[in-house]
Amino acid sequence: MMISVMSLTSIQSEIQKLEPAERASLIDLLWDSLDAEHIKEIEANWAAESENRIDAFERGELPAVDGAAAIEELRSSLRK
């Protein structure tokens, strides 16, 4: 029996052919394949960071940014 091994480049090429919903499902599949304890640690870190940002906003230390303006700023920075 011959086992086919795909290179990262060929996998990336195949991923580009997927529809956006299929790519999102692939993200979920890959995320779920990671070590559960590591995932819990990452999620706990994100939760703590979210709480810290909310607290900073409520103290007036972190300004709010309009979502559309933030995306435009990001796109502009990527064009440079």
# chains A, B, ... in the order shown; residues from 1 in each chain; ligands from 1
call {"tool": "select_by_dssp", "arguments": {"residues": "region 32-65 of chain A", "states": "alpha helix (DSSP H)", "output": "PyMOL selection string"}}
result
chain A and resi 32-33+36-58
call {"tool": "closest_atom_pairs", "arguments": {"of": "region 2-21 of chain A", "to": "region 26-42 of chain A", "cutoff": "10 Å", "atoms": "only C-alpha atoms", "output": "tab-separated table"}}
result
residue	atom	partner	partner_atom	distance
A:Ile15	CA	A:Leu26	CA	8.8
A:Leu18	CA	A:Leu26	CA	9.5
A:Pro20	CA	A:Leu26	CA	9.7
A:Ala21	CA	A:Leu26	CA	8.6
call {"tool": "write_last_selection", "arguments": {"atoms": "N, CA and C atoms", "output": "CSV table (one decimal), in the first residue's frame"}}
result
chain,number,residue,atom,x,y,z
A,15,ILE,N,-6.4,24.3,-0.6
A,15,ILE,CA,-7.2,25.1,0.2
A,15,ILE,C,-7.8,26.3,-0.5
A,18,LEU,N,-11.1,25.9,-2.2
A,18,LEU,CA,-12.3,25.7,-1.4
A,18,LEU,C,-13.2,27.0,-1.4
A,20,PRO,N,-15.5,29.7,0.7
A,20,PRO,CA,-15.2,30.3,2.0
A,20,PRO,C,-15.8,29.4,3.2
A,21,ALA,N,-17.0,28.9,3.0
A,21,ALA,CA,-17.6,28.1,4.1
A,21,ALA,C,-16.8,26.8,4.3
call {"tool": "atom_distance", "arguments": {"atom1": "CA of Val65 (chain A)", "atom2": "CA of Glu49 (chain A)"}}
result
17.3 Å
call {"tool": "atom_distance", "arguments": {"atom1": "CA of Ser13 (chain A)", "atom2": "CA of Ile71 (chain A)"}}
result
26.9 Å
